[in-house]
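Trainee: Coordinates in start_11.txt, compact mmCIF, C-alpha atoms, are listed below.
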# COMPACT_ATOMS: atom_id res chain seq x y z
CA MET D 1 -0.29 65.55 47.84
CA TYR D 2 0.53 68.32 50.30
CA LYS D 3 3.75 70.22 49.67
CA THR D 4 3.13 72.68 52.49
CA LEU D 5 1.21 72.15 55.72
CA LEU D 6 1.06 75.25 57.90
CA PHE D 7 0.47 75.08 61.63
CA MET D 8 -1.96 77.72 62.94
CA PRO D 9 -2.52 78.29 66.67
CA GLY D 10 -6.07 77.26 67.55
CA ASN D 11 -6.61 80.08 70.03
CA ASN D 12 -5.65 82.97 67.76
CA PRO D 13 -8.68 84.31 65.85
CA GLY D 14 -6.68 86.65 63.64
CA MET D 15 -4.42 83.87 62.40
CA LEU D 16 -7.30 81.47 61.87
CA VAL D 17 -9.06 84.00 59.65
CA SER D 18 -5.98 84.52 57.51
CA SER D 19 -5.20 80.82 57.14
CA ASP D 20 -7.08 80.35 53.89
CA VAL D 21 -5.22 82.99 51.90
CA LEU D 22 -1.60 82.11 52.60
CA GLY D 23 -1.02 79.73 49.69
CA THR D 24 -0.35 76.66 51.78
CA ASP D 25 -1.72 73.31 50.57
CA ALA D 26 -3.07 72.42 54.01
CA VAL D 27 -3.66 74.18 57.30
CA LEU D 28 -2.97 72.33 60.55
CA ILE D 29 -5.03 74.04 63.24
CA ASP D 30 -3.25 73.36 66.49
CA LEU D 31 -5.04 72.55 69.73
CA GLU D 32 -1.90 71.04 71.24
CA ASP D 33 1.44 72.78 71.75
CA ALA D 34 0.33 76.22 70.53
CA VAL D 35 -2.43 76.43 73.13
CA ALA D 36 -1.76 77.01 76.84
CA ILE D 37 -3.21 74.35 79.09
CA ASN D 38 -5.69 76.76 80.71
CA GLU D 39 -6.94 77.86 77.28
CA LYS D 40 -7.68 74.43 75.80
CA ASP D 41 -11.43 74.81 76.38
CA ALA D 42 -11.62 78.26 74.80
CA ALA D 43 -9.48 77.25 71.81
CA ARG D 44 -11.72 74.26 71.15
CA VAL D 45 -14.81 76.50 71.03
CA LEU D 46 -13.05 79.07 68.87
CA VAL D 47 -11.94 76.47 66.33
CA VAL D 48 -15.42 74.98 66.10
CA GLU D 49 -17.00 78.41 65.59
CA TYR D 50 -14.34 79.27 63.00
CA LEU D 51 -14.98 76.05 61.06
CA LYS D 52 -18.74 76.59 61.22
CA THR D 53 -18.38 80.10 59.81
CA PHE D 54 -15.70 79.77 57.13
CA LYS D 55 -15.62 77.24 54.30
CA ASN D 56 -11.90 76.98 53.63
CA GLN D 57 -10.63 76.32 50.13
CA THR D 58 -7.46 75.02 51.76
CA ASP D 59 -7.65 71.54 53.28
CA VAL D 60 -7.86 71.76 57.07
CA PHE D 61 -6.55 69.26 59.59
CA VAL D 62 -6.79 69.72 63.34
CA ARG D 63 -3.95 68.66 65.62
CA ILE D 64 -5.71 67.35 68.69
CA ASN D 65 -4.12 66.76 72.07
CA PRO D 66 -2.45 63.40 72.75
CA LEU D 67 -4.28 60.38 74.13
CA ASP D 68 -2.50 60.63 77.49
CA THR D 69 -4.06 64.04 78.22
CA PRO D 70 -7.62 64.74 79.43
CA PHE D 71 -8.27 66.65 76.19
CA PHE D 72 -8.03 63.89 73.55
CA TYR D 73 -11.72 62.94 73.48
CA ASP D 74 -12.93 66.48 74.27
CA ASP D 75 -11.12 67.69 71.15
CA LEU D 76 -12.54 64.89 69.03
CA ASP D 77 -16.09 65.37 70.35
CA ALA D 78 -15.87 69.08 69.56
CA ILE D 79 -14.67 68.78 65.96
CA ILE D 80 -16.25 65.52 64.81
CA ASP D 81 -19.03 67.30 62.91
CA SER D 82 -16.77 69.96 61.38
CA GLU D 83 -15.97 70.08 57.68
CA ILE D 84 -12.29 69.26 57.83
CA GLU D 85 -10.05 66.79 56.04
CA GLY D 86 -8.79 65.11 59.12
CA ILE D 87 -6.80 64.85 62.29
CA VAL D 88 -3.12 65.18 63.10
CA LEU D 89 -2.40 62.68 65.85
CA PRO D 90 0.47 63.91 68.05
CA LYS D 91 2.88 61.54 69.77
CA ALA D 92 1.38 58.75 67.71
CA SER D 93 1.59 55.35 69.36
CA VAL D 94 -0.07 52.02 68.68
CA GLU D 95 -2.51 52.71 71.49
CA SER D 96 -3.42 56.24 70.37
CA MET D 97 -3.75 55.26 66.70
CA GLU D 98 -6.07 52.41 67.64
CA ALA D 99 -8.09 54.72 69.88
CA LEU D 100 -8.43 57.35 67.16
CA ASP D 101 -9.33 54.81 64.49
CA LYS D 102 -11.92 53.24 66.79
CA TYR D 103 -13.43 56.63 67.61
CA LEU D 104 -13.67 57.73 63.98
CA THR D 105 -15.04 54.38 62.86
CA GLU D 106 -17.72 54.42 65.55
CA LYS D 107 -18.73 57.91 64.44
CA ASN D 108 -18.78 56.87 60.77
CA SER D 109 -16.31 59.66 60.12
CA ASP D 110 -14.32 59.87 56.91
CA PHE D 111 -11.63 62.03 58.52
CA LYS D 112 -8.14 61.20 57.38
CA ILE D 113 -5.23 60.84 59.79
CA ILE D 114 -1.71 62.20 59.71
CA GLY D 115 0.40 60.43 62.32
CA LEU D 116 2.94 62.61 64.07
CA ILE D 117 6.03 60.62 64.95
CA GLU D 118 7.97 62.49 67.62
CA THR D 119 9.25 60.03 70.18
CA SER D 120 12.04 57.48 69.92
CA LEU D 121 9.60 54.67 70.64
CA GLY D 122 7.21 56.07 68.06
CA LEU D 123 9.99 56.20 65.49
CA GLU D 124 11.04 52.61 66.08
CA MET D 125 7.43 51.42 65.97
CA ALA D 126 6.28 53.74 63.18
CA MET D 127 5.50 50.94 60.73
CA GLU D 128 3.20 49.23 63.20
CA ILE D 129 1.63 52.49 64.38
CA LEU D 130 0.85 53.81 60.92
CA SER D 131 -0.49 50.43 59.81
CA LYS D 132 -3.11 50.49 62.56
CA SER D 133 -5.57 52.58 60.59
CA LYS D 134 -6.60 52.64 56.95
CA LYS D 135 -7.43 56.31 57.48
CA VAL D 136 -3.74 57.24 57.68
CA ILE D 137 -2.71 59.28 54.63
CA GLY D 138 0.53 60.69 55.90
CA VAL D 139 3.28 60.66 58.47
CA LEU D 140 4.75 63.82 59.91
CA LEU D 141 8.17 63.82 61.53
CA GLY D 142 8.30 65.98 64.66
CA ALA D 143 12.00 66.59 65.13
CA GLU D 144 11.85 69.00 68.06
CA ASP D 145 10.23 66.56 70.47
CA LEU D 146 12.10 63.64 68.96
CA THR D 147 15.55 65.15 69.50
CA LEU D 148 14.50 66.09 73.02
CA ASP D 149 13.57 62.47 73.61
CA LEU D 150 16.81 61.28 72.02
CA GLY D 151 18.90 63.67 74.06
CA ALA D 152 20.29 65.01 70.77
CA LYS D 153 21.24 68.60 70.07
CA ARG D 154 18.89 70.13 67.49
CA THR D 155 20.86 71.85 64.75
CA LYS D 156 20.07 73.59 61.46
CA GLU D 157 22.16 71.02 59.61
CA SER D 158 19.80 68.34 60.93
CA GLU D 159 22.35 65.54 60.82
CA GLU D 160 20.90 64.37 64.14
CA ILE D 161 17.62 63.51 62.39
CA ALA D 162 19.08 61.89 59.26
CA TYR D 163 18.20 58.42 60.51
CA ALA D 164 14.70 59.49 61.54
CA ARG D 165 14.05 61.16 58.19
CA SER D 166 15.22 58.14 56.23
CA LYS D 167 13.25 55.74 58.39
CA ILE D 168 10.05 57.81 58.09
CA ILE D 169 10.50 58.09 54.34
CA ALA D 170 11.08 54.36 53.87
CA ILE D 171 8.00 53.53 55.92
CA SER D 172 5.89 56.09 54.09
CA LYS D 173 6.85 54.60 50.74
CA ALA D 174 6.13 51.09 51.98
CA LEU D 175 2.68 52.17 53.15
CA GLN D 176 2.11 54.49 50.18
CA ILE D 177 1.38 57.50 52.36
CA GLU D 178 2.77 61.02 52.34
CA ALA D 179 6.06 61.75 54.08
CA ILE D 180 5.92 65.18 55.70
CA ASP D 181 9.08 66.74 57.00
CA THR D 182 9.49 68.52 60.33
CA PRO D 183 9.16 72.33 60.37
CA PHE D 184 12.20 74.57 60.06
CA THR D 185 11.97 76.63 63.21
CA ASP D 186 14.11 79.70 62.42
CA THR D 187 11.43 81.93 60.94
CA ASP D 188 13.92 84.50 59.63
CA ASP D 189 16.50 82.24 57.98
CA TYR D 190 15.15 81.81 54.44
CA GLU D 191 18.39 80.40 53.01
CA GLY D 192 18.50 77.83 55.79
CA LEU D 193 14.87 76.98 55.12
CA LYS D 194 15.51 76.43 51.43
CA LYS D 195 18.54 74.25 52.10
CA ASP D 196 16.68 72.21 54.71
CA SER D 197 13.68 71.77 52.40
CA LEU D 198 15.83 70.70 49.46
CA ASN D 199 17.62 68.20 51.67
CA ALA D 200 14.28 66.76 52.83
CA LYS D 201 12.93 66.61 49.28
CA ASP D 202 16.07 64.93 47.94
CA LEU D 203 15.81 62.27 50.64
CA GLY D 204 12.22 61.53 49.59
CA MET D 205 9.95 63.71 51.71
CA THR D 206 6.84 64.73 49.78
CA GLY D 207 6.11 67.91 51.75
CA LYS D 208 6.99 69.91 54.79
CA ALA D 209 5.16 71.23 57.82
CA LEU D 210 5.62 74.94 58.52
CA ILE D 211 5.28 77.19 61.52
CA SER D 212 5.49 80.52 59.70
CA PRO D 213 3.34 81.87 56.86
CA ARG D 214 6.50 83.49 55.53
CA HIS D 215 7.87 80.03 54.74
CA VAL D 216 5.02 78.99 52.46
CA ASP D 217 6.29 80.30 49.12
CA ILE D 218 9.84 79.02 49.54
CA VAL D 219 8.76 75.52 50.51
CA ASN D 220 6.05 75.39 47.83
CA ASN D 221 8.71 76.24 45.25
CA VAL D 222 11.15 73.64 46.56
CA PHE D 223 8.62 70.81 46.53
CA ALA D 224 6.81 71.79 43.35
CA PRO D 225 8.08 69.92 40.30
CA SER D 226 9.66 72.20 37.68
CA GLN D 227 8.02 72.64 34.26
CA ALA D 228 10.83 70.62 32.69
CA GLU D 229 10.26 67.77 35.17
CA ILE D 230 6.52 67.80 34.44
CA GLU D 231 7.08 67.77 30.69
CA TYR D 232 9.54 64.88 30.97
CA ALA D 233 7.12 62.94 33.18
CA LEU D 234 4.32 63.45 30.66
CA ARG D 235 6.59 62.18 27.88
CA VAL D 236 7.39 59.11 29.99
CA VAL D 237 3.68 58.49 30.48
CA GLU D 238 2.89 58.90 26.79
CA GLY D 239 5.79 56.61 25.92
CA GLN D 240 4.51 53.95 28.28
CA LYS D 241 1.02 54.16 26.77
CA GLU D 242 2.50 53.47 23.33
CA ALA D 243 4.73 50.72 24.70
CA ILE D 244 1.71 48.95 26.20
CA GLN D 245 -0.14 49.18 22.89
CA ILE D 246 2.68 47.46 21.02
CA GLY D 247 3.43 45.00 23.80
CA LEU D 248 6.79 46.33 25.03
CA GLY D 249 7.85 45.89 28.65
CA ALA D 250 10.30 48.80 28.48
CA PHE D 251 11.10 51.51 25.97
CA SER D 252 13.72 54.14 25.23
CA LEU D 253 13.37 57.89 25.74
CA ASP D 254 16.17 60.34 24.92
CA GLY D 255 18.51 57.39 24.61
CA LYS D 256 17.76 56.01 28.06
CA MET D 257 15.78 52.93 28.96
CA VAL D 258 12.47 53.62 30.70
CA ASP D 259 11.17 50.84 32.92
CA ALA D 260 8.81 50.48 35.89
CA PRO D 261 10.75 52.53 38.51
CA ILE D 262 11.08 55.49 36.13
CA ILE D 263 7.41 55.30 35.20
CA LYS D 264 6.49 55.17 38.87
CA ARG D 265 8.65 58.20 39.59
CA ALA D 266 6.99 60.07 36.70
CA LEU D 267 3.53 59.18 38.02
CA ASN D 268 4.46 60.33 41.53
CA LEU D 269 5.72 63.61 40.12
CA LEU D 270 2.49 64.14 38.18
CA LYS D 271 0.50 63.47 41.35
CA MET D 272 2.51 66.16 43.06
CA SER D 273 2.10 68.64 40.21
CA GLY D 274 -1.63 68.04 39.91
CA ASP D 275 -1.29 66.68 36.35
CA TYR D 276 -2.17 63.10 37.24
CA LYS D 277 -5.14 61.53 35.44
CA GLU D 278 -7.12 58.47 36.52
CA GLU D 279 -6.26 56.70 33.26
CA TYR D 280 -2.63 56.59 34.41
CA ASP D 281 -3.66 54.02 37.04
CA GLU D 282 -3.46 51.42 34.26
CA LEU D 283 0.12 52.16 33.30
CA LEU D 284 1.82 50.08 35.96
CA LYS D 285 -0.48 47.06 35.83
CA MET R 1 -30.92 76.26 81.70
CA ALA R 2 -27.37 77.34 82.51
CA VAL R 3 -26.74 79.73 85.39
CA ILE R 4 -23.71 81.93 85.78
CA ASN R 5 -22.71 81.30 89.37
CA LYS R 6 -19.15 82.58 89.47
CA MET R 7 -16.96 85.16 87.83
CA ALA R 8 -15.32 84.03 84.61
CA LYS R 9 -13.48 85.43 81.64
CA ALA R 10 -12.53 84.25 78.17
CA GLY R 11 -10.64 85.72 75.25
CA SER R 12 -7.97 88.38 75.24
CA VAL R 13 -7.26 91.99 74.35
CA GLU R 14 -5.07 90.96 71.41
CA SER R 15 -5.99 92.39 68.01
CA ASN R 16 -8.95 90.56 66.41
CA ASP R 17 -9.94 89.10 69.77
CA ILE R 18 -12.41 90.07 72.47
CA LEU R 19 -12.24 89.76 76.25
CA VAL R 20 -15.52 88.63 77.76
CA MET R 21 -16.05 88.82 81.53
CA MET R 22 -19.15 87.49 83.27
CA SER R 23 -20.47 87.45 86.81
CA PRO R 24 -23.81 86.45 88.37
CA GLY R 25 -26.59 88.87 87.39
CA ASP R 26 -29.16 90.81 89.38
CA GLY R 27 -32.24 89.45 87.63
CA GLY R 28 -31.52 90.18 83.99
CA ILE R 29 -28.82 90.80 81.42
CA ASP R 30 -26.55 93.74 82.14
CA LEU R 31 -24.20 94.31 79.20
CA GLU R 32 -21.35 96.79 79.10
CA ILE R 33 -19.35 97.10 75.86
CA GLU R 34 -16.08 98.81 75.13
CA SER R 35 -14.87 98.38 71.56
CA ILE R 36 -12.34 99.97 69.22
CA VAL R 37 -15.03 99.78 66.53
CA TYR R 38 -18.02 100.67 68.71
CA ASN R 39 -19.13 103.57 66.53
CA GLN R 40 -19.20 101.38 63.43
CA TYR R 41 -20.28 98.00 64.82
CA GLY R 42 -21.50 98.51 68.38
CA ASP R 43 -25.06 97.41 67.61
CA ASP R 44 -23.86 94.32 65.74
CA ILE R 45 -21.55 93.32 68.59
CA LYS R 46 -24.38 93.76 71.08
CA LYS R 47 -26.74 91.67 68.96
CA THR R 48 -24.22 88.85 68.55
CA ILE R 49 -23.61 88.73 72.30
CA LEU R 50 -27.32 88.80 73.18
CA ASP R 51 -28.14 86.16 70.54
CA THR R 52 -25.42 83.89 71.90
CA LEU R 53 -26.61 84.35 75.50
CA LYS R 54 -30.13 83.49 74.36
CA GLU R 55 -28.92 80.45 72.44
CA GLU R 56 -27.15 79.28 75.60
CA ASN R 57 -30.22 80.01 77.77
CA ILE R 58 -28.49 82.63 79.89
CA THR R 59 -30.99 85.17 81.23
CA ASP R 60 -29.34 86.47 84.36
CA VAL R 61 -25.78 87.74 84.00
CA LYS R 62 -23.56 90.79 84.12
CA VAL R 63 -21.30 90.93 81.05
CA ILE R 64 -18.37 93.26 80.50
CA ILE R 65 -16.81 93.33 77.03
CA ASN R 66 -13.48 94.68 75.82
CA ASP R 67 -13.44 94.22 72.06
CA LYS R 68 -10.40 94.57 69.84
CA GLY R 69 -12.07 94.11 66.49
CA ALA R 70 -13.28 90.53 66.83
CA LEU R 71 -15.37 89.00 64.07
CA ASP R 72 -18.73 87.40 64.91
CA PHE R 73 -17.35 83.87 65.16
CA THR R 74 -14.83 85.02 67.74
CA ILE R 75 -17.45 86.89 69.74
CA ARG R 76 -19.70 83.83 69.78
CA ALA R 77 -16.80 81.55 70.74
CA ARG R 78 -15.58 83.75 73.59
CA VAL R 79 -19.09 84.24 74.98
CA LYS R 80 -19.70 80.47 74.88
CA ALA R 81 -16.33 79.72 76.50
CA CYS R 82 -17.03 82.26 79.22
CA ILE R 83 -20.45 80.76 79.91
CA ARG R 84 -18.93 77.28 80.24
CA ARG R 85 -16.33 78.58 82.65
CA GLY R 86 -18.78 80.53 84.77
CA SER R 87 -21.76 78.24 84.91
CA VAL R 88 -23.10 75.02 86.29
CA GLN R 89 -25.95 73.19 84.66
CA ASP R 90 -29.23 73.68 86.53
CA VAL R 91 -30.82 70.23 86.25
With the file now loaded, output its structure as structure tokens.

Mentor:
Amino acid sequence: MYKTLLFMPGNNPGMLVSSDVLGTDAVLIDLEDAVAINEKDAARVLVVEYLKTFKNQTDVFVRINPLDTPFFYDDLDAIIDSEIEGIVLPKASVESMEALDKYLTEKNSDFKIIGLIETSLGLEMAMEILSKSKKVIGVLLGAEDLTLDLGAKRTKESEEIAYARSKIIAISKALQIEAIDTPFTDTDDYEGLKKDSLNAKDLGMTGKALISPRHVDIVNNVFAPSQAEIEYALRVVEGQKEAIQIGLGAFSLDGKMVDAPIIKRALNLLKMSGDYKEEYDELLK
Amino acid sequence: MAVINKMAKAGSVESNDILVMMSPGDGGIDLEIESIVYNQYGDDIKKTILDTLKEENITDVKVIINDKGALDFTIRARVKACIRRGSVQDV
């Protein structure tokens, strides 16, 4: 699970080189908004040469240009042989998700897809859009474009995207994919960033996209489970193992009943902390 | 074989980048390099540029370079981008 996903401009060699040492869980190399229209060709070549030269320890996704631009297939053709985790699909729609899935399937590619929901139509159709490909592992809310589309004022309090956040989270849980929150765009307001990240996490987001390397540590800390949470989750898991052995459907821990939703929450937390083991797959069957 | 038939440029003079400018040649490769690290890496920069031109089958071109400490991958990328912008395929 990705707690932090940092956007990196695709046409900036210095930033590309530094991307692997910033502590982010994933790097989103951007060929779309961060690249001027007359530099799309040069950025594409730069990204390909970068990926050929450096073997990142950090998972890399590339945000390609949208389907309704002349660059969609050029971007895909350029990066299809690169060693990356996958593609971020901007302005995801039913049509663009189908086109991307078809392209990747025809190329026998195992790239994963993160769908970027950033239009009002996209938001309302998100369930259908994200269901169009089995390669989708996450949904990213793009609040800047979305609020522009909605005609809403974008604020730090983010009340204008409460509905969008909740909708994206509900859909992500239904599809069992990651829910990635929109970036916090004030690069100097660390308190605001922390508050915004906590709000997103409490609603159910599993991670957050970032536009500044300076935001990585704060957001990693917000989304990382605490040691106490991990220890409790491990006790829940151990308790459930014992309960299964003696045929109990639920059991008690610290005086509170533990049943399926609590076990599921514990398992999700362990996935996020990196403490999940394959044997835990059996615990909810 | 690709032929440079018009002036083109790629890259920038930002730190870690390189500005590559090309124009049609006079029967060979004419390479002019200015770099903030020329004393240390001038030969390496030259080799990377010439290797990339060779890889792209460019034999007749004038190249002017303004390097701001670009790594090899950036040099290769900017040279390739410049070739694509300045050339037509000779079929």

Trainee: Report as an MDAnalysis selection string all protein, DNA and RNA residues lying within 6 Å of segment 9-20 of chain R, evaluated on all atoms listed in the file, omitting residues in the same chain fewer than 2 positions from it.

Mentor: (chainID D and resid 14) or (chainID R and resid 65:70 78 82)

Trainee: Show me, as a list in words, the residues of chain D whose atoms get within 7 Å of chain R, using all atoms listed in the file for the distance check.

Mentor: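 Contact residues on the first chain: Pro13, Gly14, Asp41, Ala42, Val45, Leu46, Glu49, Tyr50 and Thr53 of chain D.
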
Trainee: Do a neighbour search on segment 256-266 of chain D at 8 Å with only C-alpha atoms, toss out local chain neighbours closer than 3 positions, and write the hits as a compact mmCIF listing (two decimals) with C-alpha atoms, keeping the file's coordinate frame.

Mentor:
# COMPACT_ATOMS: atom_id res chain seq x y z
CA TYR D 232 9.54 64.88 30.97
CA ALA D 233 7.12 62.94 33.18
CA LEU D 234 4.32 63.45 30.66
CA VAL D 236 7.39 59.11 29.99
CA VAL D 237 3.68 58.49 30.48
CA GLN D 240 4.51 53.95 28.28
CA GLY D 249 7.85 45.89 28.65
CA ALA D 250 10.30 48.80 28.48
CA PHE D 251 11.10 51.51 25.97
CA SER D 252 13.72 54.14 25.23
CA LEU D 253 13.37 57.89 25.74
CA LEU D 269 5.72 63.61 40.12
CA LEU D 270 2.49 64.14 38.18
CA LEU D 284 1.82 50.08 35.96

Trainee: Quick one: distance from atom CA of Ile171 of chain D to atom CA of Ala209 of chain D in Å, one decimal?

Mentor: 18.0 Å

Trainee: Could you work out how far atom CA of Lys153 of chain D lies from atom CA of Leu5 of chain D, giving the answer in Å with one decimal?

Mentor: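 Computed distance, atom CA of Leu5 of chain D to atom CA of Lys153 of chain D, equals 24.9 Å.
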
Trainee: Which is closer to Asn199 of chain D than all the others in D:Met15, D:Ala228, D:Ala162, D:Ile114, using all atoms listed in the file?

Mentor: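 Of the candidates, the smallest distance to Asn199 of chain D is held by D:Ala162.
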
Trainee: Of the residues D:Glu159, D:Ile80, D:Pro90, D:Lys55, which is the one nearest to Asp68 of chain D, using all atoms listed in the file?

Mentor: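 Of D:Glu159, D:Ile80, D:Pro90, D:Lys55, the one nearest Asp68 of chain D is D:Pro90, counting all atoms listed in the file.
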
Trainee: Just how far from atom CA of Val21 of chain D is atom CA of Glu178 of chain D, in Å to one decimal?

Mentor: 23.4 Å

Trainee: Counting only C-alpha atoms, which residues have an atom no more than 12 Å from (16.4, 78.7, 54.9) in the file's coordinates? Please list them as a list in words.

Mentor: Lys156, Glu157, Pro183, Phe184, Thr185, Asp186, Thr187, Asp188, Asp189, Tyr190, Glu191, Gly192, Leu193, Lys194, Lys195, Asp196, Ser197, Leu198, Asn199, Leu210, Arg214, His215, Val216, Asp217, Ile218, Val219 and Val222 of chain D

Trainee: Do you know which residues lie at most 12 Å from (7.1, 64.0, 67.0), with coordinates as in the file and all atoms listed in the file counted, and could you write them as a PyMOL selection string?

Mentor: chain D and resi 33+66+88-93+114-123+126+139-150+161+164-165+168+180-183+209

Trainee: Leaving out Val3 of chain R and any residue of its chain fewer than 2 positions from it, which residues lie within 12 Å of it when counting only C-alpha atoms, given as a VMD selection string?

Mentor: chain R and resid 1 5 to 7 22 to 25 27 to 29 53 56 to 62 82 to 91

Trainee: Hey, could you pull the box centre and edge lengths for segment 74-80 of chain D, axis-aligned, 6 Å padding per side, all listed atoms, to one decimal in Å, as lines of an AutoDock Vina configuration file?

Mentor:
center_x = -13.7
center_y = 67.0
center_z = 69.5
size_x = 17.1
size_y = 16.2
size_z = 21.5

Trainee: With only C-alpha atoms as the counted atoms, please give the residues lying no more than 7 Å from Asp25 of chain D, apart from itself and same-chain residues fewer than 3 positions off, as an MDAnalysis selection string.

Mentor: chainID D and resid 2:5 58:59

Trainee: Taking into account only C-alpha atoms, which residue in the set D:Ile177, D:Gly138, D:Pro213, D:Lys102 is nearest to Leu16 of chain D?

Mentor: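 Among D:Ile177, D:Gly138, D:Pro213, D:Lys102, it is D:Pro213 that comes nearest to Leu16 of chain D.
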
Trainee: Tyr73 of chain D: which residues within 12 Å, counting all atoms listed in the file, same-chain residues fewer than 3 positions away excluded, as a CSV table (one decimal) with C-alpha atoms, in the frame of the given file?

Mentor:
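Listing of part38.csv after writing:
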chain,number,residue,atom,x,y,z
D,44,ARG,CA,-11.7,74.3,71.2
D,64,ILE,CA,-5.7,67.4,68.7
D,65,ASN,CA,-4.1,66.8,72.1
D,66,PRO,CA,-2.4,63.4,72.8
D,67,LEU,CA,-4.3,60.4,74.1
D,68,ASP,CA,-2.5,60.6,77.5
D,69,THR,CA,-4.1,64.0,78.2
D,70,PRO,CA,-7.6,64.7,79.4
D,76,LEU,CA,-12.5,64.9,69.0
D,77,ASP,CA,-16.1,65.4,70.4
D,78,ALA,CA,-15.9,69.1,69.6
D,79,ILE,CA,-14.7,68.8,66.0
D,80,ILE,CA,-16.2,65.5,64.8
D,96,SER,CA,-3.4,56.2,70.4
D,99,ALA,CA,-8.1,54.7,69.9
D,100,LEU,CA,-8.4,57.4,67.2
D,102,LYS,CA,-11.9,53.2,66.8
D,103,TYR,CA,-13.4,56.6,67.6
D,104,LEU,CA,-13.7,57.7,64.0
